[in-house]
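Comments concern the structure below.
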Amino acid sequence: MDVATVVGIISGLSFIFIAMALGGGGLSIFLHIPSLMITVGGTLAATLINYPLHEIRGVLGTVRNAFAFEMHTPTAMIESLVSYATKARREGILTLESELETTKDPFLIQGVRLAIDGTAPELIKDILTTELSYVESRHSLGQGIFTMMGTYAPAFGMLGTLIGLISMLRSLTDPSQIGNGMATALITTFYGALMANLIFLPIAGKLKTRTRSEILVKEVIIEGILSIQSGDNPRIVEQKLKAFIAPKLRETVHTRLRT
Amino acid sequence: MDVATVVGIISGLSFIFIAMALGGGGLSIFLHIPSLMITVGGTLAATLINYPLHEIRGVLGTVRNAFAFEMHTPTAMIESLVSYATKARREGILTLESELETTKDPFLIQGVRLAIDGTAPELIKDILTTELSYVESRHSLGQGIFTMMGTYAPAFGMLGTLIGLISMLRSLTDPSQIGNGMATALITTFYGALMANLIFLPIAGKLKTRTRSEILVKEVIIEGILSIQSGDNPRIVEQKLKAFIAPKLRETVHTRLRT
Amino acid sequence: MDVATVVGIISGLSFIFIAMALGGGGLSIFLHIPSLMITVGGTLAATLINYPLHEIRGVLGTVRNAFAFEMHTPTAMIESLVSYATKARREGILTLESELETTKDPFLIQGVRLAIDGTAPELIKDILTTELSYVESRHSLGQGIFTMMGTYAPAFGMLGTLIGLISMLRSLTDPSQIGNGMATALITTFYGALMANLIFLPIAGKLKTRTRSEILVKEVIIEGILSIQSGDNPRIVEQKLKAFIAPKLRETVHTRLRT
Amino acid sequence: MDVATVVGIISGLSFIFIAMALGGGGLSIFLHIPSLMITVGGTLAATLINYPLHEIRGVLGTVRNAFAFEMHTPTAMIESLVSYATKARREGILTLESELETTKDPFLIQGVRLAIDGTAPELIKDILTTELSYVESRHSLGQGIFTMMGTYAPAFGMLGTLIGLISMLRSLTDPSQIGNGMATALITTFYGALMANLIFLPIAGKLKTRTRSEILVKEVIIEGILSIQSGDNPRIVEQKLKAFIAPKLRETVHTRLRT
Amino acid sequence: MDVATVVGIISGLSFIFIAMALGGGGLSIFLHIPSLMITVGGTLAATLINYPLHEIRGVLGTVRNAFAFEMHTPTAMIESLVSYATKARREGILTLESELETTKDPFLIQGVRLAIDGTAPELIKDILTTELSYVESRHSLGQGIFTMMGTYAPAFGMLGTLIGLISMLRSLTDPSQIGNGMATALITTFYGALMANLIFLPIAGKLKTRTRSEILVKEVIIEGILSIQSGDNPRIVEQKLKAFIAPKLRETVHTRLRT
């Protein structure tokens with residue numbers, strides 16, 4: 001469960017709601033169903049045109065990523081890989097087969113299996129980096145959809161405001177209604193800006209940092225497996241992999257080498 | 001037929017029309033032929049200056065792509081290539097000639113033919129990747145034109161509004177006409193924003209995702225043909241090609257190897 | 001003569017003029033010499049500061065490119081290169097000397113001459129791609145100047161409007177003059193937006209597509225000359241070069257190989 | 001202590017406060033707690049959604065970097081490395097062990113130790129450049145958070161203004177309150193723009209230049225260690241390393257070679 | 001002396017002043033010391049936070065570059081290098097020592113000296129391109145500061161306008177003062193836009209083109225020295241170097257080879 005995302009959305013909405021309540025007119029003046037319809041509906045329609053259906057559907061799974069999330073920790077992965085390296089050095093690389101039962105990372109399993117099968121290092125690197133680059137491009141799609149919705153929402157908010165203004169200005173018989181009309185017209189801009197800046201763009205941002213940390217773990221795996229297969233000393237393996245993480249984090253990596 | 005594009009445009013326009021109708025003045029107040037003329041005309045004129053005529057003409061075919069569209073499925077292509085690999089291994093690469101009759105993908109046909117002719121692998125890779133990069137650059141042209149129209153449309157919308165405002169302000173004899181004049185002036189901004197955000201930019205976006213999936217299939221073909229020619233085991237071919245697709249999709253690939 | 005550029009500018013201006021005429025105040029209210037002066041003058045001044053004098057002067061030649069333009073056709077070039085390849089194969093590469101008299105492309109002549117002189121392939125590639133990259137950077141300069149003018153024009157338009165507004169607001173003795181003052185103030189914004197969106201940015205765009213097609217022809221020439229020098233079969237030369245153009249265009253290439 | 005950052009913030013705020021005081025209404029009219037709440041609160045909430053909690057916490061350390069800061073001087077590092085080179089040449093690379101006690105740079109220590117251990121040059125380069133690229137990506141995160149806050153602050157400022165305007169327009173019974181209402185509505189935009197342009201964006205900028213100078217020192221170290229290990233003449237080491245700094249700075253590098 | 005920069009600034013300011021004078025209120029209404037203070041002061045403060053002090057100080061030298069400027073002419077450099085090549089071929093590379101006394105370009109001197117010392121070509125290329133890339137990054141810093149000031153100036157202009165508007169709206173007792181108050185508020189926006197578009201951004205642009213032409217000369221030098229050292233025929237040296245300049249300029253290169 002990603003607390004930051006939940007806390008961010010709830011606290012952000014609270015600040016907005018308090019500001020709306022303090023405005024004096026009460027919260028109800030900010031609720032306008034047709035305005036909601038054009039902003040949300042227009043944004044969804046533009047997104048439907050922009051992306052194939054199956055990619056939009058795939059995004060639902062991505063959103064879940066931004067809320068509930070099993071942390072990808074490079075430190076734990078480094079510990080595993082160094083212990084693999086120790087085992088492979090002492091007992092031979094084939095004994096890693098037994099280690100695969102205790103891990104759930106499909107990328108790690110695939111890599112270790114390739115190494116056990118005696119696949120040529122260049123081919124292992126080729127297969128894993130191809131996979132890595134396509135993981136990256138598939139993930140960037142989810143971010144792309146949210147970024148795009150963060151672009152369309154204010155645009156349709158502005159469109160709604162233009163429609164409201166034109167309607168109001170055309171039927172300008174009662175000057176006392178100008179204020180009311182403009183307020184209604186501005187509500188779509190408000191909806192669009194709110195959705196973009198509190199939902200779409202920040203979630204796109206979180207998906208991006210998620211992808212980055214996932215990619216980092218995968219890069220550690222590739223480097224580790226190639227290093228293990230080439231028969232590197234576990235100490236060298238550890239040194240190579242620690243270069244991927246912050247100096248402060250390095251002290252938290254507890255490999256069997258130190259005990 | 002790409003349902004998402006059609007549903008998106010129809011639903012998007014519906015939301016807009018409903019919002020216009022609810023405005024109280026009726027739909028007719030949003031129809032203004034001179035405003036339409038300057039926004040559409042100006043956008044087309046700027047596009048004509050921006051792009052050579054034959055490229056703009058080529059875009060018509062590209063638009064069709066965004067509506068009716070034969071899906072490029074990497075999974076089906078992987079299945080074909082793995083079956084080719086099996087056949088080439090058992091009966092020799094020359095027997096792939098007969099398989100070419102059942103496929104329609106010109107890129108695949110060209111690649112297989114090069115392999116059958118015994119062309120050097122580097123040359124095959126050279127020819128196919130050159131073609132790939134030019135496919136990409138030709139496709140990006142179509143997206144570019146739509147993105148550009150999505151930039152010019154709001155600009156000419158704003159130009160129309162400026163013309164309307166200046167005309168109105170200059171002839172400000174009857175204050176009661178201010179509202180009407182401003183409404184008319186704002187209509188071009190509305191047209192420009194609508195065209196950009198519901199038509200031009202989303203279609204540019206869809207063309208982009210289309211190109212990406214088409215490129216992906218072509219990359220799978222190149223990798224597959226080179227792997228087949230080098231005499232790789234069909235299992236290796238399958239493994240290499242599956243790295244290009246999402247883990248979830250991999251289970252949907254049914255190659256003869258598994259039966 | 002590039003019809004699209006001319007038709008685009010004329011039709012674009014027509015749409016704008018019609019919209020201005022329909023505004024009711026006549027075309028004359030849109031003519032304001034001081035406003036023209038500040039928008040055009042400011043844009044030119046900023047461009048003068050931004051670019052060295054000799055580069056701005058060189059742009060005049062570039063603009064001509066956007067209007068009158070001898071089309072660079074990769075298909076014709078491919079036909080020539082394939083016929084060169086046939087001749088070089090049959091009668092030796094030295095006989096290409098005679099072909100150089102019928103061509104006018106200095107890049108092609110330079111390349112063929114290098115090949116005839118027996119220059120090492122790497123050196124030929126080195127010299128021609130160096131030239132290619134500097135052609136590209138020199139061309140991008142022209143586009144850069146127009147793009148920059150397309151950025152400065154609206155900025156100086158807005159500056160003019162600010163000057164107009166401040167002047168008007170300071171001397172606000174006669175309220176009936178507000179409308180007139182604001183109209184005059186807005187005219188510079190109008191001029192700036194018009195120049196940017198109908199002239200500067202679209203012409204920058206056309207120069208860009210021109211450069212791209214010119215670069216494409218040069219890439220075809222490099223590939224072709226290297227292929228001819230290495231003694232490739234004309235059929236291979238044709239296949240390599242056709243990878244650079246769209247499948248549809250390939251059928252329009254008529255080489256002697258087919259007759 | 002980075003004087004520029006402190007002087008910049010204090011003088012910037014002074015200019016703003018003086019301008020506010022000169023406005024005639026006194027400073028107090030610019031203080032509005034609900035407005036502060038929505039701008040600051042909204043920005044923080046969006047940042048919380050956008051970045052994982054532990055990365056936001058890590059930023060506090062980064063901010064300190066922008067204020068108190070031990071200058072990274074490539075010149076001092078070049079002097080050290082040249083003296084190392086001299087020692088390594090005369091007395092053997094193993095004697096560098098004693099030099100490590102007087103330095104505190106962990107990157108330099110790691111590099112020298114790798115060289116002393118006789119690690120293969122490619123592996124040293126591999127480990128150090130991997131580390132360099134991850135230092136860069138970790139630093140860019142801190143800048144990214146500040147840049148993002150510089151984007152969200154004006155957005156939430158505008159959201160607050162929209163809320164204020166809608167509230168005011170809805171309850172437009174007393175026209176004499178319009179001015180007051182609009183002033184309050186504009187305050188959030190003011191807060192957002194102030195935070196973005198005087199705090200978030202400039203600090204993001206300073207973090208960026210800091211990172212760049214830190215990276216430069218690390219690049220000097222990598223080049224220097226590889227050069228020392230390969231047994232280069234100290235003169236060559238000096239020449240190679242001086243290429244990294246400005247010609248003017250080169251004269252300030254005093255290596256023992258010159259004495 | 002770069003006439004274009006001076007003429008641009010003077011003519012640009014003239015256009016602006018004439019427009020201000022024609023506004024009817026005289027030039028004096030555009031002078032407002034507090035507005036100037038907040039725009040200039042705020043921009044400088046933000047720049048101080050954004051960049052380390054010594055880098056801002058270094059910019060003064062860079063600005064001078066945009067005004068007084070010794071033209072970097074690749075043609076003259078090509079002539080020198082071809083004459084060096086001729087001399088080196090006839091009398092040996094060591095005789096180039098005497099040529100160094102007549103040149104002032106430190107980059108050329110360094111390169112020739114490296115060649116005379118018999119440094120390995122890869123090392124020469126390595127040292128010179130390292131230097132080239134750091135020249136580029138140091139120069140881009142100067143442009144960066146001006147571009148940043150061009151971003152902060154309009155932002156602080158807008159901040160000043162917000163302060164002015166809020167002050168005015170809060171103390172809205174005398175409606176006849178609205179115009180005056182708004183005029184004063186707008187002056188900061190005017191100052192910010194003027195500084196950005198007539199000073200900061202165009203000068204950043206000129207520094208960029210300067211850097212480009214300086215880099216070009218340095219690339220010519222590297223290519224030339226490597227070519228001379230490898231003992232290339234002066235004709236080949238000339239051909240290689242001329243690829244860096246425009247075809248039209250090539251005819252203006254008068255090397256001794258032609259006489």
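Ligands are numbered from 1 in the order shown, chains are lettered A, B, ... in the order of the structure tokens, and residues start at 1 in each chain.
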Least-squares Cα fit of chain B to chain A, output as a compact mmCIF listing (two decimals) with C-alpha atoms, in the first residue's frame:
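part-v3.txt was written with the following content:
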# COMPACT_ATOMS: atom_id res chain seq x y z
CA MET B 1 0.02 0.03 -0.01
CA ASP B 2 1.58 3.29 -1.11
CA VAL B 3 0.70 5.64 1.74
CA ALA B 4 2.11 8.73 0.00
CA THR B 5 -0.29 8.44 -2.94
CA VAL B 6 -3.33 7.98 -0.70
CA VAL B 7 -2.29 10.67 1.80
CA GLY B 8 -1.48 13.04 -1.09
CA ILE B 9 -4.87 12.65 -2.77
CA ILE B 10 -6.86 12.86 0.46
CA SER B 11 -4.93 15.84 1.86
CA GLY B 12 -4.94 17.61 -1.52
CA LEU B 13 -8.72 17.24 -1.83
CA SER B 14 -9.12 18.37 1.79
CA PHE B 15 -7.21 21.58 1.16
CA ILE B 16 -9.32 22.24 -1.92
CA PHE B 17 -12.60 21.48 -0.13
CA ILE B 18 -11.69 23.68 2.83
CA ALA B 19 -10.83 26.55 0.47
CA MET B 20 -14.17 26.04 -1.32
CA ALA B 21 -16.08 25.97 1.97
CA LEU B 22 -14.32 29.10 3.23
CA GLY B 23 -15.37 30.90 0.05
CA GLY B 24 -18.68 31.67 1.67
CA GLY B 25 -21.00 30.17 -0.89
CA GLY B 26 -20.75 26.63 0.43
CA LEU B 27 -19.54 23.54 -1.37
CA SER B 28 -22.72 23.10 -3.38
CA ILE B 29 -21.97 26.02 -5.70
CA PHE B 30 -19.00 24.03 -7.02
CA LEU B 31 -21.10 21.08 -8.07
CA HIS B 32 -22.39 21.37 -11.61
CA ILE B 33 -23.20 18.10 -13.34
CA PRO B 34 -23.09 19.35 -16.97
CA SER B 35 -19.69 20.90 -16.28
CA LEU B 36 -18.45 17.64 -14.83
CA MET B 37 -19.82 15.80 -17.84
CA ILE B 38 -18.06 17.89 -20.43
CA THR B 39 -14.69 17.90 -18.64
CA VAL B 40 -14.61 14.21 -17.71
CA GLY B 41 -16.43 13.09 -20.85
CA GLY B 42 -14.32 15.15 -23.21
CA THR B 43 -11.08 13.98 -21.59
CA LEU B 44 -12.13 10.33 -21.83
CA ALA B 45 -13.28 10.76 -25.43
CA ALA B 46 -9.99 12.35 -26.50
CA THR B 47 -8.08 9.58 -24.69
CA LEU B 48 -10.15 6.95 -26.49
CA ILE B 49 -9.22 8.47 -29.84
CA ASN B 50 -5.59 8.86 -28.79
CA TYR B 51 -4.97 5.31 -27.59
CA PRO B 52 -6.07 1.84 -28.74
CA LEU B 53 -8.74 0.31 -26.50
CA HIS B 54 -6.59 -2.54 -25.18
CA GLU B 55 -3.91 -0.11 -24.04
CA ILE B 56 -6.39 2.03 -22.12
CA ARG B 57 -7.73 -1.12 -20.47
CA GLY B 58 -4.18 -2.12 -19.52
CA VAL B 59 -3.84 1.18 -17.68
CA LEU B 60 -6.23 0.10 -14.94
CA GLY B 61 -3.60 -2.38 -13.81
CA THR B 62 -1.00 0.37 -13.98
CA VAL B 63 -3.03 2.70 -11.75
CA ARG B 64 -3.19 -0.02 -9.10
CA ASN B 65 0.62 0.10 -9.24
CA ALA B 66 0.54 3.70 -8.04
CA PHE B 67 -1.54 2.79 -4.98
CA ALA B 68 -0.76 -0.71 -3.76
CA PHE B 69 2.79 -1.59 -4.50
CA GLU B 70 5.32 -4.20 -3.53
CA MET B 71 8.51 -2.20 -3.20
CA HIS B 72 11.32 -3.14 -5.56
CA THR B 73 14.40 -3.05 -3.36
CA PRO B 74 17.73 -3.21 -5.14
CA THR B 75 19.44 -3.92 -1.80
CA ALA B 76 17.59 -7.21 -1.25
CA MET B 77 18.28 -8.20 -4.85
CA ILE B 78 21.99 -7.46 -4.43
CA GLU B 79 22.07 -9.65 -1.34
CA SER B 80 20.42 -12.50 -3.25
CA LEU B 81 22.76 -12.18 -6.23
CA VAL B 82 25.89 -12.10 -4.06
CA SER B 83 24.71 -15.23 -2.23
CA TYR B 84 24.07 -16.85 -5.63
CA ALA B 85 27.58 -15.87 -6.66
CA THR B 86 29.04 -17.48 -3.53
CA LYS B 87 27.07 -20.67 -4.08
CA ALA B 88 27.92 -20.81 -7.80
CA ARG B 89 31.59 -20.39 -7.02
CA ARG B 90 31.68 -23.10 -4.38
CA GLU B 91 29.26 -25.69 -5.70
CA GLY B 92 28.99 -24.90 -9.38
CA ILE B 93 26.46 -22.82 -11.29
CA LEU B 94 24.08 -25.74 -11.75
CA THR B 95 23.24 -25.73 -8.04
CA LEU B 96 21.49 -22.37 -8.49
CA GLU B 97 18.53 -24.40 -9.79
CA SER B 98 17.44 -25.02 -6.20
CA GLU B 99 17.56 -21.29 -5.38
CA LEU B 100 14.97 -20.55 -8.06
CA GLU B 101 12.24 -22.14 -5.98
CA THR B 102 12.48 -19.45 -3.33
CA THR B 103 12.29 -16.45 -5.64
CA LYS B 104 9.27 -15.04 -7.41
CA ASP B 105 10.87 -12.49 -9.74
CA PRO B 106 10.24 -13.89 -13.26
CA PHE B 107 13.06 -11.77 -14.71
CA LEU B 108 15.57 -13.18 -12.22
CA ILE B 109 14.33 -16.74 -12.81
CA GLN B 110 14.64 -16.34 -16.58
CA GLY B 111 18.15 -14.95 -16.27
CA VAL B 112 19.43 -17.62 -13.88
CA ARG B 113 17.91 -20.36 -16.02
CA LEU B 114 19.65 -19.00 -19.11
CA ALA B 115 22.95 -19.00 -17.18
CA ILE B 116 22.39 -22.57 -15.92
CA ASP B 117 21.60 -23.76 -19.46
CA GLY B 118 25.05 -22.54 -20.45
CA THR B 119 23.70 -19.95 -22.90
CA ALA B 120 26.44 -17.75 -24.35
CA PRO B 121 26.88 -14.52 -22.29
CA GLU B 122 26.22 -12.29 -25.31
CA LEU B 123 22.95 -14.10 -25.95
CA ILE B 124 21.89 -13.78 -22.29
CA LYS B 125 22.69 -10.08 -22.36
CA ASP B 126 20.88 -9.74 -25.68
CA ILE B 127 17.71 -11.47 -24.48
CA LEU B 128 17.58 -9.72 -21.10
CA THR B 129 18.30 -6.21 -22.39
CA THR B 130 15.76 -6.65 -25.19
CA GLU B 131 13.25 -7.58 -22.50
CA LEU B 132 14.37 -4.65 -20.35
CA SER B 133 13.88 -2.14 -23.14
CA TYR B 134 10.42 -3.48 -23.90
CA VAL B 135 9.46 -3.43 -20.22
CA GLU B 136 10.48 0.22 -20.29
CA SER B 137 8.50 1.04 -23.41
CA ARG B 138 5.38 -0.78 -22.10
CA HIS B 139 5.59 1.08 -18.80
CA SER B 140 6.10 4.43 -20.47
CA LEU B 141 2.78 3.82 -22.19
CA GLY B 142 0.90 3.96 -18.88
CA GLN B 143 2.61 7.19 -17.92
CA GLY B 144 1.92 8.52 -21.39
CA ILE B 145 -1.83 7.96 -21.05
CA PHE B 146 -1.95 9.79 -17.71
CA THR B 147 0.22 12.65 -18.98
CA MET B 148 -2.08 12.92 -22.00
CA MET B 149 -5.18 13.00 -19.79
CA GLY B 150 -3.43 15.71 -17.77
CA THR B 151 -3.15 17.67 -21.02
CA TYR B 152 -6.68 17.06 -22.28
CA ALA B 153 -8.45 17.78 -18.96
CA PRO B 154 -7.55 21.52 -18.78
CA ALA B 155 -8.19 21.82 -22.53
CA PHE B 156 -11.74 20.49 -22.19
CA GLY B 157 -12.13 22.59 -19.05
CA MET B 158 -11.33 25.64 -21.16
CA LEU B 159 -13.66 24.44 -23.93
CA GLY B 160 -16.47 24.19 -21.39
CA THR B 161 -15.73 27.71 -20.15
CA LEU B 162 -15.84 29.02 -23.73
CA ILE B 163 -19.22 27.33 -24.27
CA GLY B 164 -20.51 28.83 -21.03
CA LEU B 165 -19.22 32.32 -21.86
CA ILE B 166 -20.65 32.30 -25.37
CA SER B 167 -24.05 31.10 -24.09
CA MET B 168 -24.07 33.75 -21.39
CA LEU B 169 -22.95 36.60 -23.62
CA ARG B 170 -25.50 35.74 -26.31
CA SER B 171 -28.43 35.81 -23.85
CA LEU B 172 -27.32 38.91 -21.99
CA THR B 173 -30.71 40.32 -21.18
CA ASP B 174 -30.47 40.39 -17.40
CA PRO B 175 -27.14 42.00 -16.31
CA SER B 176 -27.59 40.63 -12.80
CA GLN B 177 -27.06 37.14 -14.19
CA ILE B 178 -23.60 37.90 -15.59
CA GLY B 179 -21.82 36.93 -12.37
CA ASN B 180 -23.73 33.69 -12.06
CA GLY B 181 -23.11 32.80 -15.70
CA MET B 182 -19.41 33.47 -15.47
CA ALA B 183 -19.15 31.43 -12.28
CA THR B 184 -20.77 28.46 -14.01
CA ALA B 185 -18.53 28.93 -17.03
CA LEU B 186 -15.42 28.94 -14.85
CA ILE B 187 -16.36 25.70 -13.09
CA THR B 188 -15.24 23.53 -16.03
CA THR B 189 -11.83 25.23 -16.03
CA PHE B 190 -11.67 24.50 -12.30
CA TYR B 191 -12.58 20.83 -12.81
CA GLY B 192 -10.03 20.43 -15.59
CA ALA B 193 -7.21 22.06 -13.63
CA LEU B 194 -8.06 20.06 -10.49
CA MET B 195 -8.12 16.69 -12.27
CA ALA B 196 -4.90 17.45 -14.12
CA ASN B 197 -2.85 18.74 -11.18
CA LEU B 198 -4.12 16.54 -8.35
CA ILE B 199 -4.79 13.28 -10.19
CA PHE B 200 -3.47 12.77 -13.72
CA LEU B 201 -0.08 14.50 -13.68
CA PRO B 202 1.03 13.38 -10.18
CA ILE B 203 0.01 9.78 -10.88
CA ALA B 204 1.91 9.90 -14.17
CA GLY B 205 4.86 11.14 -12.13
CA LYS B 206 4.62 8.31 -9.62
CA LEU B 207 4.35 5.70 -12.37
CA LYS B 208 7.54 7.16 -13.81
CA THR B 209 9.52 6.85 -10.59
CA ARG B 210 8.11 3.33 -10.16
CA THR B 211 9.31 2.34 -13.59
CA ARG B 212 12.72 3.79 -12.88
CA SER B 213 13.18 1.77 -9.69
CA GLU B 214 11.91 -1.37 -11.41
CA ILE B 215 14.36 -0.84 -14.28
CA LEU B 216 17.17 -0.33 -11.79
CA VAL B 217 16.50 -3.71 -10.17
CA LYS B 218 16.46 -5.36 -13.59
CA GLU B 219 19.77 -3.75 -14.51
CA VAL B 220 21.24 -5.05 -11.26
CA ILE B 221 19.97 -8.54 -12.17
CA ILE B 222 21.53 -8.46 -15.65
CA GLU B 223 24.89 -7.22 -14.35
CA GLY B 224 24.78 -9.79 -11.53
CA ILE B 225 23.94 -12.80 -13.69
CA LEU B 226 26.62 -11.97 -16.26
CA SER B 227 29.13 -11.50 -13.46
CA ILE B 228 28.16 -14.82 -11.83
CA GLN B 229 28.32 -16.68 -15.12
CA SER B 230 31.78 -15.30 -15.89
CA GLY B 231 32.88 -16.81 -12.59
CA ASP B 232 33.67 -13.50 -10.87
CA ASN B 233 34.73 -13.54 -7.25
CA PRO B 234 31.65 -12.80 -5.05
CA ARG B 235 33.50 -9.75 -3.74
CA ILE B 236 33.77 -8.37 -7.28
CA VAL B 237 30.11 -9.16 -7.87
CA GLU B 238 29.21 -7.24 -4.72
CA GLN B 239 31.36 -4.28 -5.72
CA LYS B 240 29.92 -4.15 -9.23
CA LEU B 241 26.32 -4.28 -7.98
CA LYS B 242 26.78 -1.76 -5.19
CA ALA B 243 27.81 0.82 -7.79
CA PHE B 244 24.13 0.89 -8.76
CA ILE B 245 22.91 2.18 -5.40
CA ALA B 246 23.51 5.27 -3.25
CA PRO B 247 26.57 5.15 -0.94
CA LYS B 248 24.30 5.47 2.10
CA LEU B 249 22.28 2.44 1.02
CA ARG B 250 25.40 0.34 0.53
CA GLU B 251 25.88 -0.06 4.24
CA THR B 252 22.42 -1.58 4.51
CA VAL B 253 23.38 -4.41 2.16
CA HIS B 254 24.27 -7.39 4.34
CA THR B 255 25.87 -10.12 2.30
CA ARG B 256 27.15 -13.37 3.69
CA LEU B 257 30.60 -12.22 2.66
CA ARG B 258 30.78 -9.98 5.65
CA THR B 259 29.69 -12.40 8.31
